[in-house]
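A.B. asks: The structure follows.
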Amino acid sequence: MTTTLAQVFFIWALSSVGIFLAVVAWRRLFPAPMPRVFDFTLDSRYRRRHFSPEVAAERHGLRQGMRVLEVGPAGGYLTGAAQQRLQPGGSLISIDLQLPLLKKLRRRLGAATPPLVCGDALRLPFRDDCFDAVFVVEVMGELPDRTAALAEFHRVLRPGATLAVSEAALLDPDYVRLPVLIRLAVAAGFEPGEAFSERFQYTQRFAARRRSAAPQPERTTA
């Protein structure tokens, strides 16, 4: 029997879908930072068209004079534009668990690199109430305990300050659906605010409630 080109393509497509679904299932069971070899996917032509660094900084609510924490900058795709939007008078700190990615970020921005911290989002090395905004881009699904991370974001934010979370569904095995994010964030003491969506991507802002008014976080990794 002769195998046609259409049959070969069908087998290849079916195998690709199967592999992707297996990766999604694995990463749902064992969340972890995306291997740095995939950092190049964060700076694609498609992403610059639909979620440029300038658009991201605007959607995240960054303004002049703010003190801001970027969680999971990877190679720094969004970092430079975010830092520029905070000037004059503002400051940005970027924290990532993977030191090689922070080194890549420093090479990318050179003298314009903001302070970098190699650390864990589940145990932020910052005092309470010290930031005006925290933004997290395509990182929530990589965190092994999203509840603990959201509690940490709430702790370091001033009352009324902004948490901005952006997620992209297209080929991201760690994608967190918006209803799940909102449920976890509300349980951690946040109030949903302005939202933006385009194609397969969304940005949701939250306002940090005062801790006395925040309900006890719901322990879940859903």
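Going by the structure tokens order, chains are called A, B, ..., each with residues numbered from 1, while ligands are numbered from 1 in the order shown.
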Env of Val68 of chain A: 8 Å cut, atoms = only C-alpha atoms, seq-sep filter 5 positions within chain, self excluded. Answer as a PyMOL selection string.
C.D. replies: chain A and resi 62+90-93+131-135
A.B. asks: Quick one: pick out all strand (DSSP E or B) residues within segment 36-194 of chain A from a backbone DSSP run and write them as a PyMOL selection string.
C.D. replies: chain A and resi 67-71+91-96+116-118+131-137+157-168+190-194
A.B. asks: Would you mind exporting the chosen residues as a short mmCIF file (atom, residue, chain, number, x, y, z; two decimals), in the first residue's frame, restricted to N, CA and C atoms?
C.D. replies:
```cif
data_model
loop_
_atom_site.label_atom_id
_atom_site.label_comp_id
_atom_site.auth_asym_id
_atom_site.auth_seq_id
_atom_site.Cartn_x
_atom_site.Cartn_y
_atom_site.Cartn_z
N ARG A 67 6.80 52.47 41.77
CA ARG A 67 7.78 51.45 42.13
C ARG A 67 7.16 50.10 41.79
N VAL A 68 7.79 49.35 40.88
CA VAL A 68 7.15 48.19 40.26
C VAL A 68 8.04 46.96 40.35
N LEU A 69 7.39 45.80 40.52
CA LEU A 69 8.07 44.51 40.52
C LEU A 69 7.63 43.71 39.30
N GLU A 70 8.60 43.25 38.52
CA GLU A 70 8.33 42.35 37.40
C GLU A 70 8.72 40.94 37.82
N VAL A 71 7.76 40.02 37.76
CA VAL A 71 8.00 38.64 38.17
C VAL A 71 8.14 37.77 36.92
N SER A 91 10.80 53.28 39.48
CA SER A 91 11.84 52.26 39.55
C SER A 91 11.23 50.89 39.30
N LEU A 92 12.02 50.02 38.72
CA LEU A 92 11.61 48.66 38.40
C LEU A 92 12.61 47.68 38.99
N ILE A 93 12.09 46.61 39.57
CA ILE A 93 12.92 45.49 40.01
C ILE A 93 12.40 44.25 39.30
N SER A 94 13.30 43.44 38.75
CA SER A 94 12.91 42.21 38.05
C SER A 94 13.44 41.00 38.81
N ILE A 95 12.55 40.05 39.08
CA ILE A 95 12.95 38.84 39.82
C ILE A 95 12.63 37.61 38.99
N ASP A 96 13.60 36.69 38.92
CA ASP A 96 13.42 35.45 38.18
C ASP A 96 14.17 34.34 38.90
N LEU A 116 18.26 43.48 39.38
CA LEU A 116 17.82 42.11 39.14
C LEU A 116 17.98 41.28 40.41
N VAL A 117 17.00 40.41 40.65
CA VAL A 117 17.03 39.55 41.82
C VAL A 117 16.78 38.12 41.37
N CYS A 118 17.68 37.20 41.74
CA CYS A 118 17.45 35.79 41.48
C CYS A 118 16.73 35.23 42.70
N PHE A 131 5.50 48.04 46.99
CA PHE A 131 5.37 48.25 45.55
C PHE A 131 4.02 48.86 45.20
N ASP A 132 4.03 49.66 44.12
CA ASP A 132 2.80 50.24 43.59
C ASP A 132 2.15 49.32 42.56
N ALA A 133 2.94 48.40 42.01
CA ALA A 133 2.40 47.46 41.01
C ALA A 133 3.31 46.24 40.92
N VAL A 134 2.69 45.11 40.64
CA VAL A 134 3.40 43.87 40.29
C VAL A 134 2.81 43.38 38.98
N PHE A 135 3.66 43.04 38.01
CA PHE A 135 3.11 42.43 36.80
C PHE A 135 3.77 41.09 36.51
N VAL A 136 2.95 40.16 36.04
CA VAL A 136 3.34 38.77 35.85
C VAL A 136 2.84 38.33 34.48
N VAL A 137 3.73 37.94 33.60
CA VAL A 137 3.36 37.63 32.22
C VAL A 137 3.70 36.18 31.89
N LEU A 157 2.47 44.42 47.91
CA LEU A 157 1.76 45.55 47.31
C LEU A 157 1.13 46.44 48.37
N ARG A 158 1.17 47.74 48.11
CA ARG A 158 0.47 48.67 48.99
C ARG A 158 -1.04 48.49 48.81
N PRO A 159 -1.83 48.79 49.83
CA PRO A 159 -3.29 48.73 49.66
C PRO A 159 -3.75 49.58 48.48
N GLY A 160 -4.56 49.00 47.63
CA GLY A 160 -5.03 49.69 46.44
C GLY A 160 -4.11 49.59 45.25
N ALA A 161 -2.91 49.02 45.43
CA ALA A 161 -1.95 48.91 44.34
C ALA A 161 -2.39 47.83 43.35
N THR A 162 -1.70 47.76 42.22
CA THR A 162 -2.14 46.95 41.08
C THR A 162 -1.32 45.68 40.92
N LEU A 163 -2.04 44.57 40.76
CA LEU A 163 -1.45 43.34 40.25
C LEU A 163 -1.99 43.16 38.83
N ALA A 164 -1.09 43.01 37.85
CA ALA A 164 -1.49 42.79 36.47
C ALA A 164 -0.95 41.44 36.01
N VAL A 165 -1.84 40.61 35.51
CA VAL A 165 -1.46 39.27 35.05
C VAL A 165 -1.84 39.13 33.59
N SER A 166 -0.89 38.73 32.77
CA SER A 166 -1.14 38.49 31.35
C SER A 166 -0.87 37.03 31.04
N GLU A 167 -1.76 36.44 30.23
CA GLU A 167 -1.63 35.04 29.82
C GLU A 167 -1.95 34.93 28.33
N ALA A 168 -1.27 34.00 27.66
CA ALA A 168 -1.51 33.74 26.24
C ALA A 168 -1.81 32.26 26.07
N PHE A 190 -7.58 40.16 46.40
CA PHE A 190 -7.57 41.12 45.29
C PHE A 190 -8.99 41.35 44.77
N GLU A 191 -9.18 42.54 44.25
CA GLU A 191 -10.44 42.92 43.62
C GLU A 191 -10.23 43.04 42.11
N PRO A 192 -10.98 42.28 41.29
CA PRO A 192 -10.79 42.38 39.83
C PRO A 192 -11.05 43.80 39.32
N GLY A 193 -10.24 44.22 38.38
CA GLY A 193 -10.38 45.55 37.80
C GLY A 193 -10.46 45.47 36.29
N GLU A 194 -9.78 46.40 35.62
CA GLU A 194 -9.86 46.50 34.17
C GLU A 194 -9.23 45.28 33.50
#
```
A.B. asks: Using only C-alpha atoms for the distances, tell me which of A:Pro179, A:Pro88, A:Pro53, A:Pro73 is nearest to Pro100 of chain A.
C.D. replies: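 Among the listed residues, the smallest separation from Pro100 of chain A belongs to A:Pro73.
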A.B. asks: Leaving out Arg199 of chain A and any residue of its chain fewer than 2 positions from it, which residues lie within 10 Å of it when counting only C-alpha atoms, given as a ChimeraX atom specification?
C.D. replies: /A:50,168-170,197,201-202
A.B. asks: So that I can check the surroundings of segment 106-112 of chain A, please list as a PyMOL selection string every protein, DNA and RNA residue that reaches within 8 Å of it, counting only C-alpha atoms and ignoring chain neighbours fewer than 4 positions away.
C.D. replies: chain A and resi 75-76+80+102
A.B. asks: For the selection you just gave me, I'd like the residues written to a file as a CSV table (one decimal), in the first residue's frame, keeping C-alpha atoms.
C.D. replies:
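The resulting part-v9.csv:
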```
chain,number,residue,atom,x,y,z
A,75,GLY,CA,15.2,37.4,28.7
A,76,GLY,CA,13.8,40.8,29.2
A,80,GLY,CA,13.1,47.8,28.9
A,102,LEU,CA,18.8,37.2,34.2
```
A.B. asks: So how far away is atom CA of Gly61 of chain A from atom CA of Leu78 of chain A, in Å?
C.D. replies: 13.5 Å
A.B. asks: Extract, using only C-alpha atoms, all DNA, RNA and protein residues at most 10 Å from Ala185 of chain A, discarding same-chain residues fewer than 5 positions from it, and format them as a list of chain:residue names.
C.D. replies: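 Counting only the stated atoms, we get A:Arg146, A:Thr147, A:Ala149, A:Leu150, A:Ala151, A:Phe153, A:His154, A:Leu163, A:Pro179, A:Val180, A:Phe190, A:Glu191, A:Pro192, A:Phe206, A:Ala207, A:Ala208, A:Pro217, A:Glu218.
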A.B. asks: Could you dump the residues just selected with C-alpha atoms as a compact mmCIF listing (two decimals), in the first residue's frame?
C.D. replies:
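Saved to part_4.txt:
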```txt
# COMPACT_ATOMS: atom_id res chain seq x y z
CA ARG A 146 -0.26 29.82 42.78
CA THR A 147 -2.06 30.52 46.05
CA ALA A 149 2.48 33.32 45.01
CA LEU A 150 -0.67 35.46 45.01
CA ALA A 151 -0.40 35.83 48.78
CA PHE A 153 2.14 39.52 45.61
CA HIS A 154 -0.57 40.84 47.94
CA LEU A 163 -1.45 43.34 40.25
CA PRO A 179 -11.98 32.37 35.59
CA VAL A 180 -9.42 30.29 37.50
CA PHE A 190 -7.57 41.12 45.29
CA GLU A 191 -10.44 42.92 43.62
CA PRO A 192 -10.79 42.38 39.83
CA PHE A 206 -6.47 43.53 40.18
CA ALA A 207 -6.44 45.97 43.10
CA ALA A 208 -4.98 44.81 46.40
CA PRO A 217 -6.57 32.20 50.57
CA GLU A 218 -8.02 29.05 49.02
```
A.B. asks: Using only C-alpha atoms, which of the listed residues (A:Arg49, A:Glu54, A:Arg209, A:Thr79) sits closest to Pro114 of chain A?
C.D. replies: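 For Pro114 of chain A, the nearest of the candidates is A:Thr79.
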